[in-house]
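Peer 1: I have a structure I would like to understand better, so I am pasting it below and will then ask my questions one at a time.
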Amino acid sequence: MPETLKKAISEALARASVYGVNVSLEHPAELKNGDYSSGVALQYTKQAGVAPKMLAEKIVAALGDIKGIAKIEIAGPGFINFYLASAALAEAVEEARTEDMWGANKNLARKKIMVEYTDPNPFKEFHIGHLMSNAIGESISRLLQFSGAEVRRANYQGDIGPHVAKAIWGVMKLGVDPNDAAQLGKAYATGAQAYENDIAAKAEVDAINTKVYDKSDAEINAVYAAGRKASLDHFEELYKMLGTKFDHYFFESETAPRGLKLVEKNPGVFEKSDGAIVYKGEKKELHTRVFVTSKGLPTYEAKDLGLAELKAETWGFDTSITVTAHEQADYFAVVKAAMEDVLPDIAPKIQHVSHGMMRFAEGKMSSRTGNVITGESLLVDLTEAAKVRGAESRAEDHEVLAQQVAVAAIKYQILKQASGKDIIFDRDRALSLEGDSGPYLQYAHARACAVVEQANLRGVASKVGSNRASDDLTRFLHRFPEAVEYASSHNEPHLLTNYLLEFASAFNSWYAQVHILDGTPEAAHRVALVDAVRKTLKNGLWILGIPAPERM
């Protein structure tokens, strides 16, 4: 419908001698003002040489009848409002309840897109930043899939580097079992604190770091192998809970030698400085960063160059998106600048989506102190809290439901904000069923499932009535495919999240006012509408990466 309207408006403007226009449409804030609205009359009034309202009248007169539109009105100084016909709304209801991929589009058909996200480091805990990256990256992946792209999920993990050496030092000093993932976080915190406060410990950690790279010490090799496996296995348990399955795993142990070679074979791009090799970003109005240390070891920057090369060799993508914290924006700007010089064919395909920080009352969290709320501990805490409500639910497995509610509570709070913005996490609000929460959307879906289930038990067959008067709920439902398309085009899950909240609220309001299974012929259409609501919420929640339990 949007494209139909834009074409019709463009043709109407041409009749008023206004050419080369860019017609914009939006959904009015209030449904009483129509389903679509355009301000083209105000935008092109000077070109037309008439007042906005007069131009709007000319446009409306030239539009004539448009299939699917019941009414066109001029409002205010010259806005043109369009109201959908009942038949068009009924068609959307029927499509929603019968099409598995309701809401999908083919805008990115034949596009190959790799999305890298989560990126937890072995030997360290799964922290809040990884949780945020996972929620955003998984949802972006699903948005792109719903837009027809072939998507591959990638996870890049730091299995070498100073953090590994600090953790191994901690394991050896504390005497903990490197096969126990829970102990590795404590070992890392111990090593990190010692590295900052003890000169001797710092020297020992640096020595371990070198040995990890050259694999020259059997004891260190054994601790490294055990800790790496324990960490990665534990992360897989978390990915499963979060609903993520990666297609590719990349590791710094693979990208480090590649990055080192790229730097070494491009002496005209990089410069030596105090024994290290740096990239002078000032030539591109950025800043200088070290790519190889004075000890000859590649830094994160060099490894990221190697990662880009490895990704491209692994799969011929059109675009590679990396989801990272906003505080790394300057870092990635320099890496991208260096990449443009050494990997000119790959660099234009690399994009970064940033996320903000999640904050609690005590402020920003750091994994270096060991005294933090981790991503994993937050999941566990919310799951335990959700078990109380789960025990009173209609769900067959209360434990599974509690976990699903916990995932919804966290992901929704992350995804309701624009990607680069910070989040203040409110535990009680996150678990609330009263609105503006993931569990609220889940409950609306479960409510719709319950209605359809009751209709089936009573033998009420659903049937869409094509001549039914339009209602707010149906008009909101009609917008779902556009909401998906808009969120996908901007790589912004929060745009869909906001739509789903508004839609669920409309459904709950309608549900409170309407007697659905009242034994009248109208019941068939109401059940069909509820079934369409169920499918819309189910598909919307899937895109957000939030489970959609049928019973709560």
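Naming works like this for the structure tokens: A, B, ... for the chains as they're shown, residue 1 at the start of each chain, ligands 1 onward in shown order.
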Quick one: pick out all alpha helix (DSSP H) residues within region 66-108 of chain A from a backbone DSSP run and write them as a PyMOL selection string.
Peer 2: chain A and resi 86-98
Peer 1: Would you pick out the contacts of Ala92 (chain A) at 9 Å or less, using only C-alpha atoms, so that residues sharing its chain but fewer than 2 positions from it are not included, and give the list as a count of residues only?
Peer 2: 12
Peer 1: With DSSP run on the backbone, what are the strand (DSSP E or B) residues within region 323-463 of chain A? I'd like them as a list in words.
Peer 2: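 Selecting the strand (DSSP E or B) positions of region 323-463 of chain A gives Val323, Thr324, Ala325, Ile350, Gln351, His352, Val353, Ser354, His355, Met358, Arg359, Phe360, Gly363, Ile423 and Ile424 of chain A.
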Peer 1: Selection from above, N, CA and C atoms, as a short mmCIF file (atom, residue, chain, number, x, y, z; two decimals), in the first residue's frame, can you write it?
Peer 2:
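Output (again.cif):
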data_model
loop_
_atom_site.label_atom_id
_atom_site.label_comp_id
_atom_site.auth_asym_id
_atom_site.auth_seq_id
_atom_site.Cartn_x
_atom_site.Cartn_y
_atom_site.Cartn_z
N VAL A 323 28.65 -6.01 16.03
CA VAL A 323 27.94 -5.32 17.11
C VAL A 323 28.90 -5.17 18.29
N THR A 324 29.21 -3.93 18.62
CA THR A 324 30.18 -3.66 19.68
C THR A 324 29.70 -2.51 20.56
N ALA A 325 30.35 -2.33 21.69
CA ALA A 325 30.00 -1.25 22.60
C ALA A 325 30.33 0.10 21.98
N ILE A 350 32.48 -3.60 5.56
CA ILE A 350 32.47 -3.72 7.03
C ILE A 350 31.64 -2.60 7.65
N GLN A 351 30.69 -2.98 8.51
CA GLN A 351 29.86 -2.01 9.22
C GLN A 351 29.91 -2.31 10.72
N HIS A 352 29.69 -1.28 11.52
CA HIS A 352 29.65 -1.46 12.97
C HIS A 352 28.35 -0.90 13.51
N VAL A 353 27.70 -1.67 14.36
CA VAL A 353 26.51 -1.23 15.08
C VAL A 353 26.91 -1.17 16.55
N SER A 354 26.74 -0.01 17.16
CA SER A 354 27.19 0.13 18.54
C SER A 354 26.02 0.02 19.52
N HIS A 355 26.33 -0.41 20.72
CA HIS A 355 25.34 -0.43 21.80
C HIS A 355 25.88 0.35 22.99
N MET A 358 24.71 -0.93 30.00
CA MET A 358 23.62 -1.19 30.94
C MET A 358 24.08 -0.77 32.32
N ARG A 359 23.27 0.03 32.98
CA ARG A 359 23.66 0.57 34.28
C ARG A 359 22.64 0.20 35.34
N PHE A 360 23.15 0.00 36.53
CA PHE A 360 22.32 -0.24 37.71
C PHE A 360 22.54 0.96 38.65
N GLY A 363 26.02 2.27 39.09
CA GLY A 363 26.72 2.85 37.96
C GLY A 363 27.33 1.82 37.04
N ILE A 423 21.26 1.99 29.03
CA ILE A 423 20.04 1.41 29.59
C ILE A 423 20.13 1.42 31.10
N ILE A 424 19.09 1.88 31.74
CA ILE A 424 18.99 1.74 33.20
C ILE A 424 18.10 0.53 33.45
#
Peer 1: Please provide the set of residues having any atom within 10 Å of Leu31 (chain A), restricted to only C-alpha atoms, with same-chain residues fewer than 6 positions apart removed, written as a list in words.
Peer 2: Tyr83, Asp471, Asp472, Arg475 and Phe476 of chain A
Peer 1: Write the residues of the preceding selection, restricted to C-alpha atoms, as a PDB file, in the first residue's frame.
Peer 2:
ATOM      1  CA  TYR A  83      -8.034   5.687   5.546  1.00  0.00           C
ATOM      2  CA  ASP A 471     -11.211  -1.204  14.402  1.00  0.00           C
ATOM      3  CA  ASP A 472      -7.985   0.102  15.931  1.00  0.00           C
ATOM      4  CA  ARG A 475      -5.441  -1.182  11.727  1.00  0.00           C
ATOM      5  CA  PHE A 476      -2.424  -1.669  14.008  1.00  0.00           C
TER       6      PHE A 476
END
Peer 1: From the list A:Asp531, A:Asp100, A:Asp217, A:Glu285, which residue is nearest Lys463 (chain A) when using only C-alpha atoms?
Peer 2: A:Asp531
Peer 1: Neighbours of region 500-510 of chain A within 9 Å (only C-alpha atoms; same-chain residues fewer than 2 positions away dropped), as a PyMOL selection string?
Peer 2: chain A and resi 435-438+440-441+444-445+447-448+472-473+476-477+480+483+495-498+512-514+530+533+536-537+540-541
Peer 1: Would you save the residues of that selection, restricted to C-alpha atoms, as a compact mmCIF listing (two decimals), in the first residue's frame?
Peer 2:
# COMPACT_ATOMS: atom_id res chain seq x y z
CA GLY A 435 3.26 -3.19 30.20
CA ASP A 436 6.53 -1.99 28.66
CA SER A 437 8.23 -5.33 29.26
CA GLY A 438 9.08 -8.55 27.48
CA TYR A 440 3.93 -8.27 28.87
CA LEU A 441 4.35 -9.13 25.18
CA ALA A 444 -0.46 -10.99 25.28
CA HIS A 445 0.64 -13.82 22.98
CA ARG A 447 -3.73 -14.77 25.94
CA ALA A 448 -4.34 -14.91 22.19
CA ASP A 472 -7.98 0.10 15.93
CA LEU A 473 -6.59 -3.37 16.56
CA PHE A 476 -2.42 -1.67 14.01
CA LEU A 477 -2.05 -5.25 12.77
CA PHE A 480 3.29 -5.06 11.09
CA ALA A 483 7.29 -2.05 11.05
CA LEU A 495 11.68 0.31 16.13
CA LEU A 496 9.95 -3.08 16.01
CA THR A 497 9.95 -3.38 19.80
CA ASN A 498 8.05 -0.12 20.12
CA ALA A 512 -11.17 -6.11 27.70
CA GLN A 513 -14.00 -4.49 25.75
CA VAL A 514 -15.17 -7.30 23.48
CA VAL A 530 -7.27 -13.04 17.57
CA VAL A 533 -2.87 -11.22 16.57
CA THR A 536 1.80 -11.27 14.61
CA LEU A 537 3.04 -11.41 18.20
CA GLY A 540 7.43 -10.24 16.20
CA LEU A 541 8.78 -11.93 19.32
Peer 1: Within 9 Å of Lys58 (chain A), counting only C-alpha atoms, which residues qualify if same-chain residues fewer than 3 places away don't, as number ranges by chain?
Peer 2: A: 12-13, 15-16, 53-55, 61-63
Peer 1: With only C-alpha atoms as the counted atoms, please give the residues lying no more than 10 Å from region 400-402 of chain A, apart from itself and same-chain residues fewer than 6 positions off, as a PyMOL selection string.
Peer 2: chain A and resi 241+382-391+393-394+408+547-552
Peer 1: Can you tell me which residues surround region 152-169 of chain A at a distance of at most 8 Å, considering only C-alpha atoms, apart from same-chain residues fewer than 4 positions away, and format the answer as number ranges by chain?
Peer 2: A: 112-124, 141, 173, 184-185, 187-192, 195, 204-206, 208-209, 212-213, 220, 223-224, 228, 245-253
Peer 1: What does the structure give for the distance between CA of Lys67 (chain A) and CA of Leu84 (chain A), in Å to one decimal?
Peer 2: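 So the answer is 9.2 Å.
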Peer 1: Have a look at A:Leu286, A:Ala329, A:Leu260, A:Gln145 and name the one nearest to Tyr300 (chain A); count only C-alpha atoms.
Peer 2: A:Leu260
